[in-house]
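Here is the structure we will look at.
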Amino acid sequence: MGIRMLNRHTAIATAVVSALLAPIPAVAAHASTAQVPAACRSTRDPDLAARMSRDLRAALSSRQGTVSVAVHDDDTGLTCTLASTRQYDSASVAKVVIMEGALRRAEELGRKLTGWEMANVRPMITRSDNPAALRLWTDLGHAYLGRILARAGTKGTALGPKGYWGLTRTTAADQMRLLAVLTNTRSFLKTRAYGLKLLSQVRRDQRWGVPAGMPKGLKAHVKNGWLPRATHGWRVHSVGAFTGRDRTYRIVVLSHDNPTMAYGVRTIERIAQAVHRGLNQKRGLGDGRGLVQGPTPENAISEESDGSAPYEPLPGWDEPERDATS
C-alpha cells in the first residue's frame with residue numbers, strides 16, 4: 001500500500017546521487033524550517049559534525065515545509081538535531097511503539113508472543129496493516145502503552161485518543177528514543193532483535209525514505225508514515241536504524257506542510273543521503289558507488305494515504321501545532 005513495487009538496481013551511479021542533492025525548486029507551503037541550522041555534535045569527530053551540519057543545511061536549502069531531524073551514530077558519538085521537539089501526527093510510525101508494547105508485555109508475562117499477537121504484529125510492521133495495528137492498540141490499552149513510552153524516556157509523545165493510534169503526537173527526539181529501545185544492547189526490551197528483524201522485512205514498496213543512499217554492508221530497519229490531512233498537508237515520516245558488523249546508527253525525519261507525498265519523500269531522501277554519505281566517507285563508502293538503495297522515482301509514489309487517521313480535524317483533539325518540552 002502507498003507505493004508500487006520498485007525494481008531497483010543494486011548499484012546506483014554517482015550521477016544519480018548527485019542529482020538527489022541538486023537544488024529542487026521550492027513550492028508554496030505553510031511553513032519552512034529550511035532556515036533553521038541543523039546542529040551536529042561529536043566530541044570524538046568534531047570535523048565530521050561540522051561537515052554534517054553543512055551537508056544537512058545544503059540538503060534543506062531549497063525545500064519548503066516543516067521538517068524535523070534527529071541522527072545518532074554510535075561509532076563517532078555524532079548527534080544531529082533540527083527542531084527535534086516539534087510535534088507531528090505520527091501516522092504509521094506509531095506502529096513501532098505498538099510493536100514494542102506487544103513484545104515487552106510478553107516478556108513481562110514470561111512467554112513468547114501468542115499466535116494471535118504474532119498474526120497481528122508481523123503484518124502491522126511488514127506491510128503496515130492498519131486493522132492489525134488497531135487490534136493490538138486496543139488490546140494493549142493506553143495505560144500500558146503509556147508505560148512503554150515512559151520507560152523509553154519519551155518527553156513529547158501523546159497517544160492518540162480512543163482508537164486513533166495514527167493521531168499519536170510525537171517528536172523526532174522521541175522517535176530516536178524508541179529506536180534506541182531496539183538498538184541499545186542495554187535496552188529493557190530483551191526481544192529487541194525480533195523487533196529489528198521485522199523492521200528489516202518491511203515490504204519493498206514501503207522502504208523509501210531514510211534508507212536512500214545507504215551503502216553496502218549495512219541492513220536497514222525502517223518504518224514510514226504518509227498521511228494527508230486538512231491542516232498541514234501531507235505528513236511524510238521515515239524512521240530507521242542501520243546496522244552492520246561493527247556499526248549502528250539511527251536516522252529520523254518527520255515532516256508536514258508537504259504539498260504532495262512525493263515532495264515529502266524527496267526531502268527526506270535528500271537528508272538521508274547526506275547522512276549516509278557523511279557517516280561512511282571515511283570507510284570508503286557513501287560516495288555513490290555500491291549503494292544498496294538510491295532515491296525513489298517520483299512516478300513510483302502513488303500519493304495514497306497510509307490510512308492511519310481521518311482527513312478532517314478531530315474535535316477535541318486537533319489543535320494548533322506546538323513544540324514539545326525538551
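Chain identifiers are assigned as A, B, and so on, following the order in which chains appear in the C-alpha cells; residues are numbered from 1 within each chain, and ligands are numbered from 1 in order of appearance.
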Shell around Asp89 of chain A at 8 Å using only C-alpha atoms, local window under 4 positions removed, as a ChimeraX atom specification:
/A:166-170,235
Could you save the residues just selected, with N, CA, C and O atoms, as a PDB file, in the first residue's frame?
ATOM      1  N   GLY A 166      -3.125   6.589  14.833  1.00  0.00           N
ATOM      2  CA  GLY A 166      -2.374   7.403  13.870  1.00  0.00           C
ATOM      3  C   GLY A 166      -2.314   8.867  14.227  1.00  0.00           C
ATOM      4  O   GLY A 166      -1.531   9.618  13.651  1.00  0.00           O
ATOM      5  N   LEU A 167      -3.156   9.292  15.210  1.00  0.00           N
ATOM      6  CA  LEU A 167      -3.112  10.676  15.678  1.00  0.00           C
ATOM      7  C   LEU A 167      -2.234  10.836  16.919  1.00  0.00           C
ATOM      8  O   LEU A 167      -2.226  11.891  17.542  1.00  0.00           O
ATOM      9  N   THR A 168      -1.515   9.790  17.276  1.00  0.00           N
ATOM     10  CA  THR A 168      -0.496   9.937  18.316  1.00  0.00           C
ATOM     11  C   THR A 168       0.440  11.066  17.911  1.00  0.00           C
ATOM     12  O   THR A 168       0.924  11.117  16.782  1.00  0.00           O
ATOM     13  N   ARG A 169       0.676  12.001  18.815  1.00  0.00           N
ATOM     14  CA  ARG A 169       1.599  13.103  18.535  1.00  0.00           C
ATOM     15  C   ARG A 169       2.992  12.694  19.000  1.00  0.00           C
ATOM     16  O   ARG A 169       3.157  12.203  20.114  1.00  0.00           O
ATOM     17  N   THR A 170       3.964  12.932  18.158  1.00  0.00           N
ATOM     18  CA  THR A 170       5.314  12.515  18.507  1.00  0.00           C
ATOM     19  C   THR A 170       6.332  13.510  17.978  1.00  0.00           C
ATOM     20  O   THR A 170       5.997  14.423  17.215  1.00  0.00           O
ATOM     21  N   ARG A 235       1.679  14.715   5.927  1.00  0.00           N
ATOM     22  CA  ARG A 235       2.687  14.276   6.886  1.00  0.00           C
ATOM     23  C   ARG A 235       3.452  13.149   6.205  1.00  0.00           C
ATOM     24  O   ARG A 235       2.854  12.145   5.785  1.00  0.00           O
TER      25      ARG A 235
END
Wanna dump the segment 118-228 of chain A-segment 306-317 of chain A contacts at 12 Å for me, each residue with its shortest atom pair and the distance in Å to one decimal, counting only C-alpha atoms, ordered by chain and number, as a tab-separated table?
residue	atom	partner	partner_atom	distance
A:Met124	CA	A:Ser308	CA	11.6
A:Arg127	CA	A:Asp306	CA	10.6
A:Ser128	CA	A:Asp306	CA	8.0
A:Asp129	CA	A:Asp306	CA	9.2
A:Asn130	CA	A:Ser308	CA	6.8
A:Pro131	CA	A:Ser308	CA	9.7
A:Ala132	CA	A:Ser308	CA	11.6
A:Ala133	CA	A:Ser308	CA	9.4
A:Leu134	CA	A:Ser308	CA	9.6
A:Ala158	CA	A:Trp317	CA	10.9
A:Leu159	CA	A:Trp317	CA	10.9
A:Gly160	CA	A:Trp317	CA	8.4
A:Pro161	CA	A:Trp317	CA	7.5
A:Lys162	CA	A:Trp317	CA	10.7
A:Gly163	CA	A:Ala309	CA	9.6
A:Tyr164	CA	A:Ala309	CA	6.4
A:Trp165	CA	A:Ser308	CA	7.3
A:Gly166	CA	A:Ser308	CA	4.7
A:Leu167	CA	A:Ala309	CA	6.1
A:Thr168	CA	A:Ala309	CA	9.5
A:Arg169	CA	A:Trp317	CA	10.3
A:Gln206	CA	A:Asp306	CA	10.3
A:Lys223	CA	A:Asp306	CA	11.9
A:Asn224	CA	A:Asp306	CA	9.3
A:Gly225	CA	A:Asp306	CA	6.7
A:Trp226	CA	A:Asp306	CA	5.4
A:Leu227	CA	A:Asp306	CA	5.8
A:Pro228	CA	A:Tyr311	CA	6.5
Spatial neighbours of Leu189 of chain A, 9 Å, only C-alpha atoms, chain gap at least 5 places, as a VMD selection string:
chain A and resid 100 103 to 104 107 181 to 182
Resulting file, chosen residues, C-alpha atoms, as a compact mmCIF listing (two decimals), in the first residue's frame:
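again.txt was written with the following content:
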# COMPACT_ATOMS: atom_id res chain seq x y z
CA GLU A 100 7.46 -2.64 21.39
CA LEU A 103 6.99 -7.56 22.80
CA ARG A 104 7.51 -6.13 26.28
CA GLU A 107 8.43 -10.60 28.29
CA VAL A 181 14.94 0.62 22.60
CA LEU A 182 15.60 -1.68 19.64
Considering only C-alpha atoms, return as a list in words whatever protein or nucleic-acid residues lie within 8 Å of Leu56 of chain A, sequence-local ones (same chain, fewer than 3 positions apart) excluded.
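Close residues of Leu56 of chain A: Ala38, Met52, Ser53, Ala59, Leu60, Ile271, Ala274 and Val275 of chain A.
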Coordinates-based distance that separates atom CA of Thr85 of chain A from atom CA of Arg177 of chain A (Å, one decimal):
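Result for atom CA of Arg177 of chain A versus atom CA of Thr85 of chain A: 12.1 Å, one decimal.
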Among segment 50-137 of chain A, which ones does DSSP assign to strand (DSSP E or B) (computed from the backbone)? Answer as a ChimeraX atom specification.
/A:65-73,79-82,86,88-89
From a DSSP pass on the backbone, collect the residues of segment 109-253 of chain A flagged as helix (DSSP H, G or I) and hand them back as a PyMOL selection string.
chain A and resi 115-126+130-152+165-167+172-183+192-200+204-206
7 Å contact set for Lys219 of chain A, only C-alpha atoms, chain neighbours under 2 positions out, as number ranges by chain
A: 217, 221, 242-244
Please save N, CA, C and O atoms of the selected residues as a PDB file, in the first residue's frame.
ATOM      1  N   GLY A 217      26.859  -3.352   2.997  1.00  0.00           N
ATOM      2  CA  GLY A 217      27.422  -3.740   4.287  1.00  0.00           C
ATOM      3  C   GLY A 217      26.556  -3.363   5.462  1.00  0.00           C
ATOM      4  O   GLY A 217      26.887  -3.675   6.605  1.00  0.00           O
ATOM      5  N   HIS A 221      16.512  -1.054   8.959  1.00  0.00           N
ATOM      6  CA  HIS A 221      15.333  -1.414   9.746  1.00  0.00           C
ATOM      7  C   HIS A 221      14.467  -0.154   9.756  1.00  0.00           C
ATOM      8  O   HIS A 221      14.806   0.827  10.437  1.00  0.00           O
ATOM      9  N   PHE A 242      20.249   1.538  11.207  1.00  0.00           N
ATOM     10  CA  PHE A 242      21.132   0.932  10.218  1.00  0.00           C
ATOM     11  C   PHE A 242      22.236   0.193  10.955  1.00  0.00           C
ATOM     12  O   PHE A 242      22.959   0.789  11.759  1.00  0.00           O
ATOM     13  N   THR A 243      22.335  -1.099  10.711  1.00  0.00           N
ATOM     14  CA  THR A 243      23.262  -1.931  11.474  1.00  0.00           C
ATOM     15  C   THR A 243      24.198  -2.683  10.536  1.00  0.00           C
ATOM     16  O   THR A 243      23.817  -3.077   9.426  1.00  0.00           O
ATOM     17  N   GLY A 244      25.421  -2.869  11.001  1.00  0.00           N
ATOM     18  CA  GLY A 244      26.419  -3.655  10.288  1.00  0.00           C
ATOM     19  C   GLY A 244      27.232  -4.420  11.305  1.00  0.00           C
ATOM     20  O   GLY A 244      26.946  -4.396  12.506  1.00  0.00           O
TER      21      GLY A 244
END
Best match for closeness to Asn258 of chain A among A:Gly233, A:Pro297, A:Gly209, A:Gly278, counting only C-alpha atoms
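With only C-alpha atoms as the atom set, the closest residue is A:Gly233.
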Identify which of the residues A:Thr296, A:Thr260, A:Gln175, A:Thr126 lies closest to His72 of chain A, counting only C-alpha atoms when measuring atom-to-atom distances.
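Closest residue, counting only C-alpha atoms: A:Gln175.
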Which residues are close to Ala241 of chain A, i.e. within 8 Å by only C-alpha atoms, leaving aside same-chain residues fewer than 3 positions away? Reply as a short mmCIF file (atom, residue, chain, number, x, y, z; two decimals) with all heavy atoms, in the first residue's frame.
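Dumped everything to part_26.cif:
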data_model
loop_
_atom_site.label_atom_id
_atom_site.label_comp_id
_atom_site.auth_asym_id
_atom_site.auth_seq_id
_atom_site.Cartn_x
_atom_site.Cartn_y
_atom_site.Cartn_z
N LEU A 179 13.65 4.12 18.78
CA LEU A 179 14.58 3.29 18.02
C LEU A 179 15.70 2.76 18.90
O LEU A 179 16.17 1.63 18.72
CB LEU A 179 15.18 4.10 16.86
CG LEU A 179 14.28 4.37 15.67
CD1 LEU A 179 15.00 5.25 14.64
CD2 LEU A 179 13.80 3.08 15.00
N THR A 183 17.90 -0.84 19.46
CA THR A 183 19.32 -0.95 19.08
C THR A 183 20.28 -0.98 20.25
O THR A 183 21.42 -1.42 20.10
CB THR A 183 19.71 0.22 18.15
OG1 THR A 183 19.53 1.46 18.85
CG2 THR A 183 18.88 0.23 16.89
N ALA A 220 19.01 -2.12 6.72
CA ALA A 220 18.06 -1.07 7.10
C ALA A 220 16.88 -1.69 7.84
O ALA A 220 16.31 -2.68 7.41
CB ALA A 220 17.57 -0.33 5.87
N HIS A 221 16.51 -1.05 8.96
CA HIS A 221 15.33 -1.41 9.75
C HIS A 221 14.47 -0.15 9.76
O HIS A 221 14.81 0.83 10.44
CB HIS A 221 15.73 -1.81 11.17
CG HIS A 221 16.91 -2.75 11.22
ND1 HIS A 221 16.77 -4.12 11.25
CD2 HIS A 221 18.24 -2.49 11.22
CE1 HIS A 221 17.97 -4.67 11.29
NE2 HIS A 221 18.88 -3.71 11.28
N VAL A 222 13.36 -0.15 9.01
CA VAL A 222 12.68 1.10 8.70
C VAL A 222 11.18 1.01 8.91
O VAL A 222 10.58 -0.06 8.76
CB VAL A 222 12.99 1.52 7.24
CG1 VAL A 222 12.44 0.51 6.25
CG2 VAL A 222 12.49 2.91 6.93
N THR A 248 26.25 0.89 14.19
CA THR A 248 24.82 1.13 14.34
C THR A 248 24.60 2.64 14.30
O THR A 248 25.29 3.37 15.01
CB THR A 248 24.28 0.59 15.68
OG1 THR A 248 24.46 -0.83 15.72
CG2 THR A 248 22.78 0.88 15.83
N TYR A 249 23.70 3.08 13.47
CA TYR A 249 23.28 4.48 13.55
C TYR A 249 21.80 4.57 13.22
O TYR A 249 21.20 3.65 12.65
CB TYR A 249 24.13 5.41 12.68
CG TYR A 249 24.22 5.16 11.20
CD1 TYR A 249 23.31 5.74 10.31
CD2 TYR A 249 25.25 4.40 10.67
CE1 TYR A 249 23.42 5.56 8.95
CE2 TYR A 249 25.37 4.21 9.30
CZ TYR A 249 24.46 4.79 8.44
OH TYR A 249 24.58 4.61 7.09
N ARG A 250 21.21 5.70 13.64
CA ARG A 250 19.76 5.89 13.50
C ARG A 250 19.48 7.23 12.84
O ARG A 250 20.18 8.21 13.11
CB ARG A 250 19.09 5.87 14.89
CG ARG A 250 19.10 4.54 15.59
CD ARG A 250 18.78 4.67 17.08
NE ARG A 250 19.98 4.89 17.87
CZ ARG A 250 20.01 5.57 19.01
NH1 ARG A 250 18.91 6.13 19.49
NH2 ARG A 250 21.14 5.72 19.68
N ILE A 251 18.45 7.25 12.00
CA ILE A 251 18.02 8.48 11.34
C ILE A 251 16.51 8.61 11.48
O ILE A 251 15.78 7.66 11.21
CB ILE A 251 18.38 8.48 9.83
CG1 ILE A 251 19.86 8.18 9.60
CG2 ILE A 251 18.00 9.81 9.20
CD1 ILE A 251 20.21 7.98 8.12
#
Using only C-alpha atoms, which protein or nucleic acid residues come within 12 Å of Lys112 of chain A? Drop anything in the same chain fewer than 5 positions from it, and give the result as an NGL selection string.
:A and (102-107 or 117-118 or 190-191 or 194)
Could you dump the residues just selected with N, CA, C and O atoms as a JSON list (two decimals), in the first residue's frame?
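Once everything was written out, this is result-v7.json:
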[["chain", "number", "residue", "atom", "x", "y", "z"],
["A", 102, "ALA", "N", 3.80, -4.80, 22.56],
["A", 102, "ALA", "CA", 3.44, -6.22, 22.48],
["A", 102, "ALA", "C", 4.61, -7.11, 22.89],
["A", 102, "ALA", "O", 4.43, -8.10, 23.63],
["A", 103, "LEU", "N", 5.81, -6.77, 22.44],
["A", 103, "LEU", "CA", 6.99, -7.56, 22.80],
["A", 103, "LEU", "C", 7.28, -7.49, 24.29],
["A", 103, "LEU", "O", 7.57, -8.51, 24.94],
["A", 104, "ARG", "N", 7.19, -6.29, 24.86],
["A", 104, "ARG", "CA", 7.51, -6.13, 26.28],
["A", 104, "ARG", "C", 6.48, -6.81, 27.16],
["A", 104, "ARG", "O", 6.83, -7.43, 28.17],
["A", 105, "ARG", "N", 5.22, -6.74, 26.79],
["A", 105, "ARG", "CA", 4.19, -7.40, 27.60],
["A", 105, "ARG", "C", 4.44, -8.91, 27.65],
["A", 105, "ARG", "O", 4.32, -9.53, 28.72],
["A", 106, "ALA", "N", 4.78, -9.50, 26.52],
["A", 106, "ALA", "CA", 5.08, -10.93, 26.51],
["A", 106, "ALA", "C", 6.26, -11.25, 27.42],
["A", 106, "ALA", "O", 6.24, -12.25, 28.15],
["A", 107, "GLU", "N", 7.28, -10.39, 27.41],
["A", 107, "GLU", "CA", 8.43, -10.60, 28.29],
["A", 107, "GLU", "C", 8.01, -10.56, 29.76],
["A", 107, "GLU", "O", 8.43, -11.40, 30.56],
["A", 117, "GLU", "N", -1.01, -12.65, 18.73],
["A", 117, "GLU", "CA", -0.12, -11.49, 18.72],
["A", 117, "GLU", "C", 0.79, -11.52, 17.49],
["A", 117, "GLU", "O", 0.97, -10.50, 16.81],
["A", 118, "MET", "N", 1.37, -12.69, 17.22],
["A", 118, "MET", "CA", 2.25, -12.81, 16.06],
["A", 118, "MET", "C", 1.50, -12.50, 14.77],
["A", 118, "MET", "O", 2.04, -11.84, 13.86],
["A", 190, "LYS", "N", 14.23, -7.18, 25.89],
["A", 190, "LYS", "CA", 15.14, -8.30, 25.64],
["A", 190, "LYS", "C", 14.92, -8.93, 24.27],
["A", 190, "LYS", "O", 15.84, -9.55, 23.72],
["A", 191, "THR", "N", 13.73, -8.81, 23.74],
["A", 191, "THR", "CA", 13.43, -9.38, 22.42],
["A", 191, "THR", "C", 13.56, -8.34, 21.32],
["A", 191, "THR", "O", 12.89, -8.41, 20.28],
["A", 194, "TYR", "N", 14.09, -9.33, 17.60],
["A", 194, "TYR", "CA", 12.94, -9.71, 16.78],
["A", 194, "TYR", "C", 12.27, -8.46, 16.21],
["A", 194, "TYR", "O", 11.84, -8.45, 15.04]]
Residue nearest Thr79 of chain A among A:Asp139, A:Asp174, A:Asp318, A:Asp45 (counting only C-alpha atoms)
A:Asp45
In Å to one decimal, how far is atom CA of Leu198 of chain A from atom CA of Thr171 of chain A?
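Pair atom CA of Thr171 of chain A / atom CA of Leu198 of chain A returns 22.5 Å.
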Please produce, as CSV, a per-residue contact table for segment 241-302 of chain A versus segment 91-95 of chain A (criterion: any atom at most 12 Å away, only C-alpha atoms considered), showing the nearest atom pair and its distance in Å to one decimal, sorted by chain then residue number.
residue,atom,partner,partner_atom,distance
A:Val252,CA,A:Val93,CA,10.5
A:Val253,CA,A:Val93,CA,11.0
A:Leu254,CA,A:Val93,CA,9.7
A:Ser255,CA,A:Ala91,CA,11.1
A:His256,CA,A:Ala91,CA,11.1
Any chance you could export the current selection's N, CA and C atoms as a PDB file, in the first residue's frame?
ATOM      1  N   VAL A 252      16.071   9.801  11.887  1.00  0.00           N
ATOM      2  CA  VAL A 252      14.643  10.098  11.990  1.00  0.00           C
ATOM      3  C   VAL A 252      14.376  11.393  11.240  1.00  0.00           C
ATOM      4  N   VAL A 253      13.408  11.372  10.341  1.00  0.00           N
ATOM      5  CA  VAL A 253      12.967  12.597   9.675  1.00  0.00           C
ATOM      6  C   VAL A 253      11.436  12.621   9.717  1.00  0.00           C
ATOM      7  N   LEU A 254      10.875  13.654  10.346  1.00  0.00           N
ATOM      8  CA  LEU A 254       9.434  13.870  10.392  1.00  0.00           C
ATOM      9  C   LEU A 254       9.129  15.164   9.647  1.00  0.00           C
ATOM     10  N   SER A 255       7.998  15.191   8.942  1.00  0.00           N
ATOM     11  CA  SER A 255       7.679  16.409   8.181  1.00  0.00           C
ATOM     12  C   SER A 255       6.180  16.542   7.991  1.00  0.00           C
ATOM     13  N   HIS A 256       5.739  17.792   7.873  1.00  0.00           N
ATOM     14  CA  HIS A 256       4.402  18.079   7.372  1.00  0.00           C
ATOM     15  C   HIS A 256       4.445  19.393   6.597  1.00  0.00           C
TER      16      HIS A 256
END
